[in-house]
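Asker: Right, I'll just put the structure down here and ask away after.
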Amino acid sequence: MRTSSPYRANLLGLAFMTPAMVLLLGFFFLPVVLTSVFAFTNMSTATGISGGSYVVTGNLLRSLTDEGLDAKTIKALRQSSYIIDQAGLEKARTAGVDAKFITEIGERLKDRSFTSSSAFERELKTLPSRPTRVRDLKIAASAFEQSVLNVRYASRGEMEAALSHMLENPPQGAVEQIATASYTGWTWTTENFKNLVIAPDTWRIVGNTVFYVVLTLAFNVLVGLFLAITTFYLPSAGSGFFSILWLLPRITPVVLYAVMWKWFTWEDGFVFNIAQDLGLPAFNYMKGSVASAWTVVILVNGFVGASFGMILFSGALKAIPVQQLWASEVDGASRWQQIRYIILPHMRWPILFVTSYQTLSLLSSYEQIWLTTNGGPGSTTTVWALEAFKTALNNYTGNLQYGLGAAMALILVAVGLVLSIVYLRLFRFDEMMSKPKIEF
Amino acid sequence: MTRNFAAWPIILLLTVLSLPLFVMYLFLLVDTFSNTAPGSLLPNEFTLEHWRFLIDPTITGDVWKPTLTTFLFASSMMVIVVSVSATAGYALSRLALPFRRFVLSGIMVMHAFPSVTLIIGVFLVLQFAGLYNSLTGVILVKASLMLPFGIWIMKGFYDAVPWEIEMAGVQDGASRFTVWRRIILPQVKPGLLSLALFAFIDGWSEYMLPRILAPSSDFEVLSMYLNTVSDPNSSTYNFNIFKSVGLFYTLPVLALFVLFQNRLMNIFGGGTKG
């Protein structure tokens, strides 16, 4: 069918796709790229995000001493010197120093330099129009002070120039070494990944994550399956009530859901009061002990996820030809036999689907844990995604390590990508790809 | 089907399993209208005092400003998601685009991909774009993260529209745009409505993105407001008040859900996004 030019439709396609493409590139593709790029940097709050500057600080000099830079150079860096140049004269003028005095300094001392303030001030005192007050003299002197200590240089070139200016005959390579060390911005590194492999915490968190995913997933699938099958057999009034009840956690905003669990398990909460009345140990179950914290974490996530399984399994159950069930009843099958030999075999694909889908979302989810136990007590319920998030964006010390966090997230992104591609291969991918039937 | 089994053991088992949920939601409702003596489980008096936060800003701070912000946030995000998905979904479903297969599989992967792992990257993008700490930035991020889902859903609805309708329109000399605007779009109205509802509810419930991407801005959405109110360390901490605030916050979502249950279940089932 060709009734108008192919051009127009392509233009329409372009116009229709552009907004989506821009947003997806900006907030999906670019974040993936940035995560992978910055995983190889030491970017943190201290280094800033948009590049840094070059500063020699007292701390830096100490660590340079430790690295074996010679003492003479360090001493020279600590000192300030006084150089009479145009910039200094300008500075003195703005500082309000007497104009005549400045002209005199410019004429008589031009391009001289002094290594200490006392020597410079002695020289100044010999000038005819020197100020009478010592304070004014010091102000004038300070305008010519030059030091690299705690001065911010925008580029490496400026820093090196300043260093060469300050140091007479620096040792081979010293200027470069100091300039490199004085950089405050982030640099490229593979340390993040090395540190992750070495740190014992990493493996504990991996263990936690596996534990969390496996148990929550088991809860989701088993309870989802149980709910779907029981509500399938129950009269519709009862099944309707239970389906709605189990759907509620999914609809409830996550903050409220977390808060309700707090009420349920917190000190003076519901379970606390009941346990107290019964003489059982009553404490803050969410944070009080490792076992209870894990139970809460798994239940909090399990109750949300179970409805996902329930919806999908219920849908699949309704698709089973009801004649099969009738026939089995005629043959005298019990309910259990019906479930075992008719329903469960039909559920194979839905179970596989829920399992792979939930694995993916459990691996990456941390919102509920963050809002309930927050990984505690200690870091016993901390999972990988939560740790990455905390490292990069949310911790109490205030030094956010974007680089390390990105490295941790990158591992999740890679796992997520591989798993999502695998599960798209498994489930109905090609049938979604049918070609348009109008060829323009 | 015959009843060759006793229903009560199953109902009992279901009830035991559902007990935590039942208790939590029951008390969420009951506690907002009643007082309970300390140490006791059952309420002993009816009261409306826990709802005074609606008119008295001294209790938990003004609640109406965050409500308005949340509404703005959810609806602008909804508008972006629906309009962008409606166009892109059509293009992917019906137009002969170059790289169509590639784009489509890309969107499928993004749809399956857990977008929360991107939060650090998104944070960096906003920093570079200068949108960090702004409502606009959070809306754009939230809408974009939902786009693969929206496009996917809309493509499904477009796919279900018979080709014959479109071909008839083209035969009569209408441009593809006119056909889309006048003939196809009315056909997918149910899809647009479901997506809009879903997007609105999702935006209304969002907590993490505003909290992380705009931590020190001057706007506050209800989820952040609720989290502040329910912080055990805060001075106004009170189970009954935060339940009232929570219920107030959740009511629109529940109402929408009750009204449009079937449409939403359609999306829950068909969209299969966790």
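Note on naming: chains are A, B, ... as they come in the structure tokens, residues start from 1 per chain, ligands start from 1 in the order shown.
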List the spatial neighbours of Phe248 of chain B as a short mmCIF file (atom, residue, chain, number, x, y, z; two decimals) with N, CA and C atoms, in the first residue's frame - criterion: any atom at most 12 Å away, only C-alpha atoms, same-chain residues fewer than 5 positions off excluded.
Answerer:
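Saved as part_8.cif:
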data_model
loop_
_atom_site.label_atom_id
_atom_site.label_comp_id
_atom_site.auth_asym_id
_atom_site.auth_seq_id
_atom_site.Cartn_x
_atom_site.Cartn_y
_atom_site.Cartn_z
N THR A 252 -0.32 0.14 48.80
CA THR A 252 0.04 1.09 49.83
C THR A 252 1.39 1.73 49.51
N PRO A 253 1.48 3.06 49.62
CA PRO A 253 2.77 3.71 49.41
C PRO A 253 3.82 3.14 50.37
N LEU A 256 4.27 4.42 54.05
CA LEU A 256 3.23 4.03 54.99
C LEU A 256 3.35 2.55 55.35
N LEU B 28 -4.76 0.34 61.44
CA LEU B 28 -4.49 1.59 60.72
C LEU B 28 -5.77 2.43 60.68
N LEU B 29 -6.88 1.76 60.43
CA LEU B 29 -8.15 2.45 60.34
C LEU B 29 -8.68 2.80 61.73
N THR B 32 -6.98 5.61 64.07
CA THR B 32 -7.09 7.02 63.74
C THR B 32 -8.35 7.64 64.33
N HIS B 50 -7.15 12.84 66.41
CA HIS B 50 -5.97 12.51 65.58
C HIS B 50 -6.08 13.08 64.17
N TRP B 51 -7.27 13.56 63.84
CA TRP B 51 -7.43 14.16 62.51
C TRP B 51 -7.30 15.67 62.56
N ARG B 52 -6.97 16.21 63.75
CA ARG B 52 -6.88 17.67 63.84
C ARG B 52 -5.71 18.24 63.05
N PHE B 53 -4.75 17.36 62.69
CA PHE B 53 -3.62 17.86 61.91
C PHE B 53 -4.07 18.48 60.59
N LEU B 54 -5.27 18.11 60.16
CA LEU B 54 -5.77 18.66 58.89
C LEU B 54 -6.02 20.16 58.97
N VAL B 63 -0.07 20.43 56.31
CA VAL B 63 -0.14 19.23 55.49
C VAL B 63 -0.61 19.54 54.07
N TRP B 64 -1.23 20.71 53.88
CA TRP B 64 -1.85 20.97 52.58
C TRP B 64 -0.85 21.36 51.51
N THR B 67 0.60 18.25 50.18
CA THR B 67 -0.42 17.57 49.38
C THR B 67 -0.49 18.16 47.98
N LEU B 222 4.28 14.38 50.10
CA LEU B 222 3.62 13.78 51.26
C LEU B 222 4.40 12.61 51.84
N SER B 223 5.05 11.82 50.96
CA SER B 223 5.78 10.67 51.49
C SER B 223 6.91 11.12 52.40
N TYR B 225 6.93 13.96 54.01
CA TYR B 225 6.23 14.52 55.17
C TYR B 225 5.86 13.42 56.15
N LEU B 226 5.31 12.34 55.62
CA LEU B 226 4.90 11.22 56.47
C LEU B 226 6.11 10.60 57.16
N ILE B 241 -1.19 9.59 65.44
CA ILE B 241 -1.14 10.71 64.50
C ILE B 241 -0.52 10.27 63.19
N PHE B 242 0.57 9.49 63.25
CA PHE B 242 1.15 9.13 61.96
C PHE B 242 0.26 8.17 61.20
N LYS B 243 -0.57 7.44 61.90
CA LYS B 243 -1.52 6.60 61.17
C LYS B 243 -2.57 7.46 60.47
N VAL B 253 -5.09 7.03 46.74
CA VAL B 253 -4.66 5.81 46.06
C VAL B 253 -5.70 4.71 46.20
N LEU B 254 -6.17 4.53 47.45
CA LEU B 254 -7.17 3.49 47.69
C LEU B 254 -8.44 3.78 46.91
N ALA B 255 -8.85 5.06 46.91
CA ALA B 255 -10.08 5.43 46.19
C ALA B 255 -9.94 5.12 44.71
#
Asker: Tell me which protein, DNA and RNA residues are within 12 Å of Gly169 of chain B, counting only C-alpha atoms, leaving out same-chain ones fewer than 5 positions away, and put them as a list in words.
Answerer: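 The residues satisfying every condition are Thr3 and Ile438 of chain A; Pro162, Trp163, Glu164, Ala174, Ser175, Arg176, Phe177, Thr178, Val179, Trp180, Arg181, Arg182, Ile183 and Ile184 of chain B.
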Asker: Give the residues of chain A that lie within 6 Å of chain B; count only C-alpha atoms, and format the answer as a PyMOL selection string.
Answerer: chain A and resi 13+16-17+20+23+31+34-35+253+256+361+409+416+420+436+440
Asker: Find the residues around segment 387-399 of chain A up to 7 Å (only C-alpha atoms counted), leave out those fewer than 2 positions away in its own chain, and share them as number ranges by chain.
Answerer: A: 44-46, 382-385, 401-402, 405, 408-409; B: 120
Asker: DSSP says strand (DSSP E or B) for which residues of segment 118-349 of chain A? Put them as a list in words?
Answerer: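 Listing strand (DSSP E or B) positions across segment 118-349 of chain A yields Glu145, Gln146, Leu149, Tyr153, Tyr183 and Trp188 of chain A.
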Asker: Counting only C-alpha atoms, which residue out of A:Leu25, A:Ala154, A:Leu352, A:Ala39 sits closest to Leu410 of chain A?
Answerer: A:Ala39
